[in-house]
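Asks: Next comes model_3.csv, CSV, C-alpha atoms and all ligand atoms:
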chain,number,residue,atom,x,y,z
A,1009,MET,CA,-45.5,176.4,-117.9
A,1010,ASP,CA,-46.3,174.2,-115.0
A,1011,VAL,CA,-49.6,172.3,-115.3
A,1012,LEU,CA,-51.5,170.2,-112.8
A,1013,ALA,CA,-54.1,167.6,-113.5
A,1014,GLY,CA,-57.2,167.3,-111.4
A,1015,MET,CA,-59.6,164.3,-111.2
A,1016,ASP,CA,-62.9,164.1,-109.5
A,1017,PHE,CA,-64.4,160.6,-109.1
A,1018,GLY,CA,-68.2,160.6,-109.1
A,1019,GLY,CA,-70.7,157.7,-109.0
A,1020,THR,CA,-70.9,157.2,-112.8
A,1021,SER,CA,-68.2,159.4,-114.2
A,1022,VAL,CA,-64.8,160.9,-113.6
A,1023,LYS,CA,-64.2,164.6,-114.4
A,1024,ILE,CA,-60.6,165.3,-115.6
A,1025,GLY,CA,-59.0,168.6,-116.3
A,1026,LEU,CA,-55.7,170.4,-116.6
A,1027,VAL,CA,-55.2,173.4,-114.4
A,1028,LEU,CA,-52.6,176.2,-114.2
A,1029,LYS,CA,-51.1,177.3,-110.9
A,1030,ASN,CA,-53.3,180.4,-111.0
A,1031,GLY,CA,-56.4,178.2,-111.0
A,1032,THR,CA,-57.2,178.7,-114.7
A,1033,LEU,CA,-58.7,175.6,-116.2
A,1034,LEU,CA,-56.8,174.8,-119.4
A,1035,SER,CA,-59.0,171.9,-120.6
A,1036,HIS,CA,-61.5,169.6,-119.0
A,1037,GLY,CA,-63.8,166.8,-119.8
A,1038,LEU,CA,-65.7,163.9,-118.3
A,1039,ILE,CA,-65.5,160.2,-119.0
A,1040,ALA,CA,-68.4,157.8,-118.1
A,1041,ILE,CA,-67.4,154.8,-116.1
A,1042,ASP,CA,-69.2,151.6,-115.2
A,1043,PRO,CA,-69.2,151.8,-111.4
A,1044,CYS,CA,-69.4,148.0,-111.2
A,1045,ALA,CA,-66.3,147.5,-113.5
A,1046,ASP,CA,-63.1,146.1,-112.0
A,1047,PHE,CA,-60.4,148.5,-110.7
A,1048,GLU,CA,-58.0,147.9,-113.7
A,1049,SER,CA,-60.6,148.7,-116.3
A,1050,ILE,CA,-61.7,151.9,-114.6
A,1051,MET,CA,-58.2,153.1,-114.1
A,1052,THR,CA,-57.1,152.2,-117.6
A,1053,ALA,CA,-59.9,154.3,-119.0
A,1054,VAL,CA,-59.1,157.2,-116.6
A,1055,ALA,CA,-55.4,157.1,-117.5
A,1056,ARG,CA,-56.1,157.0,-121.2
A,1057,SER,CA,-58.3,160.0,-120.9
A,1058,LEU,CA,-55.6,162.0,-119.0
A,1059,ASP,CA,-53.1,160.9,-121.8
A,1060,SER,CA,-55.3,162.6,-124.4
A,1061,PHE,CA,-55.5,165.8,-122.4
A,1062,LEU,CA,-51.7,165.8,-122.0
A,1063,ASN,CA,-51.2,165.2,-125.7
A,1064,ALA,CA,-53.3,168.2,-126.4
A,1065,MET,CA,-51.5,170.4,-124.0
A,1066,PRO,CA,-50.0,173.7,-125.4
A,1067,PRO,CA,-46.3,173.6,-126.2
A,1068,GLY,CA,-44.1,174.2,-123.2
A,1069,GLY,CA,-46.6,172.7,-120.8
A,1070,LYS,CA,-45.2,170.4,-118.2
A,1071,LEU,CA,-47.2,168.2,-115.9
A,1072,VAL,CA,-45.9,168.7,-112.3
A,1073,GLY,CA,-48.5,167.0,-110.2
A,1074,ILE,CA,-51.9,165.2,-110.1
A,1075,GLY,CA,-54.6,165.7,-107.5
A,1076,ILE,CA,-57.5,163.2,-107.2
A,1077,GLY,CA,-60.7,163.6,-105.2
A,1078,THR,CA,-62.8,160.5,-104.4
A,1079,PRO,CA,-65.7,159.9,-102.0
A,1080,GLY,CA,-64.8,158.2,-98.7
A,1081,PHE,CA,-61.7,157.8,-96.6
A,1082,THR,CA,-58.2,157.3,-98.0
A,1083,ASP,CA,-55.3,155.9,-96.0
A,1084,GLU,CA,-52.7,158.6,-96.1
A,1085,GLU,CA,-49.7,156.3,-96.1
A,1086,SER,CA,-50.8,153.9,-98.8
A,1087,GLY,CA,-53.4,155.9,-100.7
A,1088,VAL,CA,-55.7,152.9,-100.3
A,1089,LEU,CA,-59.4,153.9,-100.3
A,1090,LEU,CA,-60.6,152.3,-97.1
A,1091,GLU,CA,-64.3,153.0,-96.8
A,1092,GLY,CA,-67.2,155.3,-97.9
A,1093,CYS,CA,-67.0,154.7,-101.7
A,1094,ARG,CA,-69.9,152.3,-102.1
A,1095,ASN,CA,-70.9,153.7,-105.4
A,1096,ILE,CA,-67.7,152.4,-107.1
A,1097,PRO,CA,-67.0,149.2,-105.1
A,1098,SER,CA,-63.8,148.2,-106.9
A,1099,LEU,CA,-62.0,151.4,-105.8
A,1100,GLN,CA,-62.3,150.3,-102.2
A,1101,GLY,CA,-59.2,148.4,-101.0
A,1102,ASN,CA,-57.2,149.7,-103.9
A,1103,SER,CA,-54.9,152.7,-104.3
A,1104,VAL,CA,-55.9,155.1,-107.1
A,1105,ARG,CA,-52.9,157.3,-106.1
A,1106,ARG,CA,-50.3,154.5,-106.6
A,1107,TYR,CA,-51.8,153.5,-109.9
A,1108,ILE,CA,-51.8,157.1,-111.3
A,1109,ALA,CA,-48.4,158.0,-109.7
A,1110,ASP,CA,-46.8,154.9,-111.3
A,1111,ARG,CA,-48.4,155.6,-114.6
A,1112,PHE,CA,-47.5,159.3,-114.9
A,1113,GLY,CA,-44.4,159.6,-112.7
A,1114,VAL,CA,-45.3,162.8,-111.0
A,1115,PRO,CA,-46.3,163.7,-107.4
A,1116,THR,CA,-49.9,162.6,-106.9
A,1117,VAL,CA,-52.3,163.0,-104.0
A,1118,THR,CA,-55.6,161.4,-103.3
A,1119,ASP,CA,-58.0,162.8,-100.8
A,1120,ASN,CA,-61.7,163.0,-99.9
A,1121,ASP,CA,-63.5,165.0,-102.6
A,1122,ALA,CA,-64.9,167.6,-100.1
A,1123,THR,CA,-61.4,168.1,-98.6
A,1124,CYS,CA,-60.1,168.8,-102.1
A,1125,ALA,CA,-63.0,171.2,-102.7
A,1126,ALA,CA,-62.0,173.1,-99.5
A,1127,SER,CA,-58.5,173.4,-101.0
A,1128,GLY,CA,-60.0,174.8,-104.2
A,1129,GLU,CA,-62.2,177.3,-102.3
A,1130,LEU,CA,-59.2,178.4,-100.2
A,1131,LEU,CA,-56.9,179.0,-103.2
A,1132,PHE,CA,-59.3,180.1,-105.9
A,1133,GLY,CA,-62.8,180.5,-104.6
A,1134,ALA,CA,-64.9,182.2,-101.9
A,1135,GLY,CA,-62.5,181.0,-99.2
A,1136,ARG,CA,-59.7,183.3,-100.5
A,1137,LYS,CA,-60.9,186.0,-98.1
A,1138,TYR,CA,-60.8,183.9,-95.0
A,1139,SER,CA,-58.3,181.9,-93.0
A,1140,ASN,CA,-60.9,180.0,-91.0
A,1141,PHE,CA,-64.0,178.6,-92.7
A,1142,VAL,CA,-66.1,175.5,-93.1
A,1143,LEU,CA,-67.3,174.3,-96.5
A,1144,LEU,CA,-70.4,172.2,-97.0
A,1145,THR,CA,-70.8,170.5,-100.4
A,1146,ILE,CA,-74.4,169.4,-101.0
A,1147,GLY,CA,-74.6,166.7,-103.6
A,1148,THR,CA,-76.2,163.3,-103.5
A,1149,GLY,CA,-74.8,163.2,-100.0
A,1150,ILE,CA,-73.2,166.0,-97.9
A,1151,GLY,CA,-69.4,166.5,-97.8
A,1152,GLY,CA,-67.5,168.8,-95.5
A,1153,GLY,CA,-64.2,170.6,-95.5
A,1154,LEU,CA,-62.5,172.7,-92.9
A,1155,VAL,CA,-59.9,175.4,-93.2
A,1156,LEU,CA,-58.2,176.4,-89.9
A,1157,ASP,CA,-55.5,179.1,-89.8
A,1158,GLY,CA,-55.2,179.1,-93.5
A,1159,LYS,CA,-54.7,175.4,-93.9
A,1160,VAL,CA,-57.0,172.6,-94.8
A,1161,PHE,CA,-57.6,170.6,-91.6
A,1162,ARG,CA,-57.5,166.9,-92.2
A,1163,GLY,CA,-57.5,165.6,-88.6
A,1164,ALA,CA,-55.2,162.9,-87.2
A,1165,ARG,CA,-55.8,160.4,-90.1
A,1166,GLY,CA,-57.5,162.6,-92.7
A,1167,TYR,CA,-61.0,161.7,-91.7
A,1168,ALA,CA,-62.0,165.2,-90.3
A,1169,ALA,CA,-65.0,167.4,-91.3
A,1170,GLU,CA,-67.6,164.7,-91.9
A,1171,ILE,CA,-70.2,167.3,-91.4
A,1172,GLY,CA,-72.8,165.4,-93.4
A,1173,HIS,CA,-72.8,162.8,-90.6
A,1174,MET,CA,-73.1,165.2,-87.7
A,1175,CYS,CA,-76.1,164.1,-85.6
A,1176,ILE,CA,-78.9,166.7,-86.0
A,1177,ASP,CA,-81.7,164.6,-84.5
A,1178,PRO,CA,-81.0,161.7,-82.1
A,1179,ASN,CA,-84.4,160.2,-83.0
A,1180,GLY,CA,-83.9,160.8,-86.8
A,1181,PRO,CA,-83.7,158.2,-89.6
A,1182,TRP,CA,-80.8,155.8,-89.8
A,1183,CYS,CA,-78.0,156.8,-92.2
A,1184,ILE,CA,-75.7,154.8,-94.5
A,1185,CYS,CA,-72.9,155.5,-92.1
A,1186,GLY,CA,-74.6,153.5,-89.4
A,1187,SER,CA,-75.6,156.4,-87.2
A,1188,ARG,CA,-78.9,158.1,-87.0
A,1189,GLY,CA,-80.3,161.6,-87.6
A,1190,CYS,CA,-77.3,162.7,-89.7
A,1191,LEU,CA,-77.5,166.1,-91.4
A,1192,GLU,CA,-77.3,164.2,-94.7
A,1193,GLN,CA,-80.7,162.6,-94.0
A,1194,PHE,CA,-82.3,166.1,-93.9
A,1195,ALA,CA,-80.3,168.4,-96.2
A,1196,SER,CA,-78.6,166.4,-98.9
A,1197,GLY,CA,-79.7,166.6,-102.5
A,1198,THR,CA,-81.3,163.3,-102.2
A,1199,ALA,CA,-83.2,164.4,-99.0
A,1200,ILE,CA,-84.3,167.7,-100.6
A,1201,GLN,CA,-85.6,166.1,-103.7
A,1202,ALA,CA,-87.4,163.4,-101.7
A,1203,ALA,CA,-89.0,166.0,-99.4
A,1204,TYR,CA,-90.1,168.1,-102.3
A,1205,ASN,CA,-91.5,165.2,-104.2
A,1206,GLN,CA,-93.5,163.9,-101.2
A,1207,LYS,CA,-95.1,167.3,-100.9
A,1208,ALA,CA,-95.7,167.5,-104.7
A,1209,ALA,CA,-97.3,164.1,-104.8
A,1210,LYS,CA,-99.8,164.9,-102.1
A,1211,ARG,CA,-100.9,167.9,-104.1
A,1212,GLY,CA,-100.9,166.2,-107.5
A,1213,LEU,CA,-98.0,168.4,-108.7
A,1214,GLU,CA,-95.2,167.4,-111.0
A,1215,ALA,CA,-92.2,165.7,-109.3
A,1216,ALA,CA,-88.8,167.3,-109.5
A,1217,PRO,CA,-86.2,165.2,-111.4
A,1218,SER,CA,-83.3,166.4,-109.2
A,1219,ALA,CA,-82.4,168.5,-106.2
A,1220,GLU,CA,-81.0,171.1,-108.5
A,1221,SER,CA,-84.4,171.4,-110.2
A,1222,VAL,CA,-85.9,172.0,-106.7
A,1223,ALA,CA,-83.4,174.8,-106.2
A,1224,ASP,CA,-84.3,176.2,-109.7
A,1225,ARG,CA,-88.1,176.0,-108.9
A,1226,ALA,CA,-87.5,177.8,-105.6
A,1227,ARG,CA,-85.8,180.6,-107.4
A,1228,GLN,CA,-88.7,180.8,-109.8
A,1229,GLY,CA,-91.1,181.3,-106.8
A,1230,ASP,CA,-92.5,177.7,-106.4
A,1231,VAL,CA,-93.7,178.0,-102.8
A,1232,LEU,CA,-93.3,174.3,-102.1
A,1233,ALA,CA,-89.7,174.4,-103.3
A,1234,VAL,CA,-89.1,177.5,-101.1
A,1235,ILE,CA,-90.5,175.7,-98.1
A,1236,THR,CA,-88.4,172.6,-98.8
A,1237,MET,CA,-85.3,174.7,-99.1
A,1238,ARG,CA,-86.1,176.5,-95.8
A,1239,GLU,CA,-86.5,173.1,-94.0
A,1240,ALA,CA,-83.1,172.0,-95.2
A,1241,ALA,CA,-81.7,175.5,-94.3
A,1242,THR,CA,-82.9,175.0,-90.7
A,1243,ARG,CA,-80.9,171.8,-90.3
A,1244,ILE,CA,-77.9,173.4,-92.0
A,1245,ALA,CA,-78.1,176.3,-89.6
A,1246,GLN,CA,-78.2,173.9,-86.7
A,1247,ALA,CA,-75.0,172.2,-87.9
A,1248,PHE,CA,-73.2,175.5,-88.6
A,1249,GLY,CA,-74.2,176.8,-85.2
A,1250,THR,CA,-72.6,173.8,-83.5
A,1251,ILE,CA,-69.5,174.0,-85.7
A,1252,LEU,CA,-69.1,177.8,-85.0
A,1253,ASN,CA,-69.4,177.3,-81.2
A,1254,LEU,CA,-66.6,174.8,-81.5
A,1255,LEU,CA,-64.3,176.5,-83.8
A,1256,ASP,CA,-65.0,180.3,-84.0
A,1257,LEU,CA,-64.9,180.6,-87.8
A,1258,GLN,CA,-65.2,183.6,-90.2
A,1259,ALA,CA,-67.4,182.0,-92.8
A,1260,CYS,CA,-69.6,179.1,-93.6
A,1261,ILE,CA,-69.5,178.3,-97.4
A,1262,VAL,CA,-72.2,176.2,-99.2
A,1263,GLY,CA,-71.3,174.5,-102.4
A,1264,GLY,CA,-72.8,171.8,-104.7
A,1265,GLY,CA,-75.8,172.0,-107.1
A,1266,VAL,CA,-78.3,172.9,-104.5
A,1267,SER,CA,-76.4,176.1,-103.7
A,1268,ARG,CA,-77.9,177.4,-107.0
A,1269,ALA,CA,-80.9,178.3,-104.9
A,1270,GLY,CA,-78.7,181.2,-103.7
A,1271,ASP,CA,-80.3,183.4,-101.0
A,1272,ILE,CA,-83.4,181.2,-101.0
A,1273,LEU,CA,-81.2,178.7,-99.2
A,1274,LEU,CA,-78.6,181.0,-97.7
A,1275,GLY,CA,-81.1,183.6,-96.4
A,1276,PRO,CA,-82.9,181.3,-94.0
A,1277,ILE,CA,-79.5,179.8,-92.8
A,1278,ARG,CA,-78.4,183.4,-92.0
A,1279,ALA,CA,-81.7,184.2,-90.3
A,1280,GLU,CA,-81.7,181.0,-88.2
A,1281,LEU,CA,-78.1,180.7,-87.3
A,1282,PRO,CA,-78.3,182.9,-84.1
A,1283,ASP,CA,-80.7,180.3,-82.7
A,1284,TYR,CA,-78.0,177.7,-82.6
A,1285,CYS,CA,-74.9,179.4,-81.2
A,1286,TRP,CA,-73.6,182.2,-79.0
A,1287,PRO,CA,-74.5,185.7,-80.3
A,1288,LEU,CA,-70.9,186.7,-80.2
A,1289,VAL,CA,-69.8,183.7,-82.2
A,1290,SER,CA,-72.4,184.1,-85.0
A,1291,ARG,CA,-72.0,187.8,-85.3
A,1292,SER,CA,-70.1,188.9,-88.5
A,1293,VAL,CA,-69.9,185.3,-89.8
A,1294,ASP,CA,-70.4,185.2,-93.5
A,1295,ILE,CA,-72.8,182.6,-94.9
A,1296,CYS,CA,-72.0,182.5,-98.6
A,1297,ALA,CA,-72.1,180.3,-101.8
A,1298,ALA,CA,-68.9,178.6,-103.0
A,1299,GLY,CA,-66.9,180.5,-105.5
A,1300,LEU,CA,-66.0,177.5,-107.8
A,1301,SER,CA,-69.1,176.0,-109.4
A,1302,ASN,CA,-68.6,173.9,-112.5
A,1303,ASN,CA,-65.5,171.8,-112.3
A,1304,ALA,CA,-65.0,172.7,-108.6
A,1305,GLY,CA,-64.0,169.1,-108.1
A,1306,VAL,CA,-61.3,169.1,-110.7
A,1307,VAL,CA,-59.9,172.5,-109.7
A,1308,GLY,CA,-60.1,171.6,-106.0
A,1309,ALA,CA,-58.2,168.3,-106.6
A,1310,ALA,CA,-55.5,170.2,-108.5
A,1311,ALA,CA,-55.4,172.9,-105.8
A,1312,HIS,CA,-55.0,170.2,-103.2
A,1313,MET,CA,-51.9,168.9,-105.0
A,1314,MET,CA,-50.6,172.5,-105.4
A,1315,SER,CA,-50.8,173.1,-101.7
A,1316,ARG,CA,-48.8,169.9,-101.1
A,1317,LEU,CA,-46.1,171.0,-103.6
A,1318,SER,CA,-45.8,174.4,-101.9
A,1319,THR,CA,-45.2,173.0,-98.4
B,1401,ZN,ZN,-74.5,159.4,-91.4
Please go through the file and, once you have read it, give me the structure as structure tokens.
Ligand SMILES: [Zn+2]
Replies:
Amino acid sequence: MDVLAGMDFGGTSVKIGLVLKNGTLLSHGLIAIDPCADFESIMTAVARSLDSFLNAMPPGGKLVGIGIGTPGFTDEESGVLLEGCRNIPSLQGNSVRRYIADRFGVPTVTDNDATCAASGELLFGAGRKYSNFVLLTIGTGIGGGLVLDGKVFRGARGYAAEIGHMCIDPNGPWCICGSRGCLEQFASGTAIQAAYNQKAAKRGLEAAPSAESVADRARQGDVLAVITMREAATRIAQAFGTILNLLDLQACIVGGGVSRAGDILLGPIRAELPDYCWPLVSRSVDICAAGLSNNAGVVGAAAHMMSRLST
């Protein structure tokens, strides 16, 4: 029984799991990391955690590959994380891939977490129905993945699909990437929570502890939350319209905790999309929620490795 390991590096924790080739999650867990710890300490803890999963693997199980998703940009050749992973500074300039491959002795791939998520959606999620789609993962920031002609598109150096950093408003606020008016400034989890809390504070209402809770409140009929979701949806529709004009896709898939809002977020995106692209281009494009929810990062990273093994 071939088994793949998937790892998903977040700001304060690493999710780890074992995945079968049909996408079934055999086991999974999460280890907390100190994001300010040195590279060796973080990787030792991660490797020990994977050891414990492998030790508990059913008899006959064989580890055949490891997929790892991290924020930011990884150099394809060396596996060195180049930029965009400020939350865990010691990962930058180091190769998570080399460390894990040396330790476990199996093929290992590291890639941007949203790119891994696109692999997961393509193999096991909402993307199975399509050969051309875009995936937007809305978390603290916004990640993007692109599937063209049935394959994850990585661009010349693996930096493609940074949809969170598409300019939506040339006069908008400056972004951590150094540009201004990025989609992330308007529709990330951070932006949605801040926009809601600003409205709530003016009205003496209780603040929302997270973007997910804004999504939950919207679903329960909180009008301010519905308005906040709609404002984010307008910006997302704007980004999708531009992407569709450029690439003529079949679907735009939205993932991440905020997508729990369901049609409260997706409905306005569908309604507003025709305002931002050619009628023929937007017609019959599906706007849908991601198929993998919990552990999408782990399954996506494993799926990314699977797609490498099969080519
Ligand atoms: Zn940006």
Asks: Take atom CA of Gly1133 of chain A and atom CA of Leu1300 of chain A and report the distance between them in Å, one decimal.
Replies: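 Rounded to one decimal, the two atoms are 5.4 Å apart.
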Asks: Neighbouring residues of ligand ZN 1401 (chain B) are defined here as those with any atom at most 6 Å from a ligand atom, counting only C-alpha atoms and all ligand atoms; list them as a PyMOL selection string.
Replies: chain A and resi 1173+1183-1185+1187+1190
Asks: Dump C-alpha atoms for the selected residues as a PDB file, in the frame of the given file?
Replies:
ATOM      1  CA  HIS A1173     -72.800 162.800 -90.600  1.00  0.00           C
ATOM      2  CA  CYS A1183     -78.000 156.800 -92.200  1.00  0.00           C
ATOM      3  CA  ILE A1184     -75.700 154.800 -94.500  1.00  0.00           C
ATOM      4  CA  CYS A1185     -72.900 155.500 -92.100  1.00  0.00           C
ATOM      5  CA  SER A1187     -75.600 156.400 -87.200  1.00  0.00           C
ATOM      6  CA  CYS A1190     -77.300 162.700 -89.700  1.00  0.00           C
TER       7      CYS A1190
END
Asks: Just the number, please: distance in Å from atom CA of Phe1248 of chain A to atom CA of Arg1162 of chain A, one decimal.
Replies: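 Distance between the two atoms: 18.3 Å.
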Asks: Around (-62.0, 179.6, -98.3) in the file's frame, which residues reach within 8 Å when counting all atoms listed in the file? Return as a PDB file with C-alpha atoms, in the coordinates of the input?
Replies:
ATOM      1  CA  ALA A1126     -62.000 173.100 -99.500  1.00  0.00           C
ATOM      2  CA  SER A1127     -58.500 173.400-101.000  1.00  0.00           C
ATOM      3  CA  GLY A1128     -60.000 174.800-104.200  1.00  0.00           C
ATOM      4  CA  GLU A1129     -62.200 177.300-102.300  1.00  0.00           C
ATOM      5  CA  LEU A1130     -59.200 178.400-100.200  1.00  0.00           C
ATOM      6  CA  LEU A1131     -56.900 179.000-103.200  1.00  0.00           C
ATOM      7  CA  GLY A1133     -62.800 180.500-104.600  1.00  0.00           C
ATOM      8  CA  ALA A1134     -64.900 182.200-101.900  1.00  0.00           C
ATOM      9  CA  GLY A1135     -62.500 181.000 -99.200  1.00  0.00           C
ATOM     10  CA  ARG A1136     -59.700 183.300-100.500  1.00  0.00           C
ATOM     11  CA  LYS A1137     -60.900 186.000 -98.100  1.00  0.00           C
ATOM     12  CA  TYR A1138     -60.800 183.900 -95.000  1.00  0.00           C
ATOM     13  CA  SER A1139     -58.300 181.900 -93.000  1.00  0.00           C
ATOM     14  CA  ASN A1140     -60.900 180.000 -91.000  1.00  0.00           C
ATOM     15  CA  PHE A1141     -64.000 178.600 -92.700  1.00  0.00           C
ATOM     16  CA  VAL A1142     -66.100 175.500 -93.100  1.00  0.00           C
ATOM     17  CA  LEU A1143     -67.300 174.300 -96.500  1.00  0.00           C
ATOM     18  CA  VAL A1155     -59.900 175.400 -93.200  1.00  0.00           C
ATOM     19  CA  ILE A1261     -69.500 178.300 -97.400  1.00  0.00           C
TER      20      ILE A1261
END
Asks: If I take atom CA of Tyr1167 of chain A and atom CA of Ala1122 of chain A, how far is one from the other in Å, to one decimal?
Replies: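 Computing it gives 11.0 Å between the two atoms.
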Asks: From the set A:Leu1232, A:Val1054, A:Met1237, A:Ala1216, which residue has the shortest atom-to-atom contact distance to Phe1112 of chain A, counting only C-alpha atoms?
Replies: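 Smallest separation from Phe1112 of chain A among the options: A:Val1054.
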Asks: Near Thr1198 of chain A, counting only C-alpha atoms, which residues have an atom at most 10 Å away, once you skip same-chain residues fewer than 6 positions from it, shown as a PyMOL selection string?
Replies: chain A and resi 1146-1150+1192+1218-1219
Asks: Nearest to Gly1166 of chain A among A:Ser1290, A:Asn1120, A:Gln1228, A:Gln1246, with distances taken over only C-alpha atoms: which residue is it?
Replies: A:Asn1120
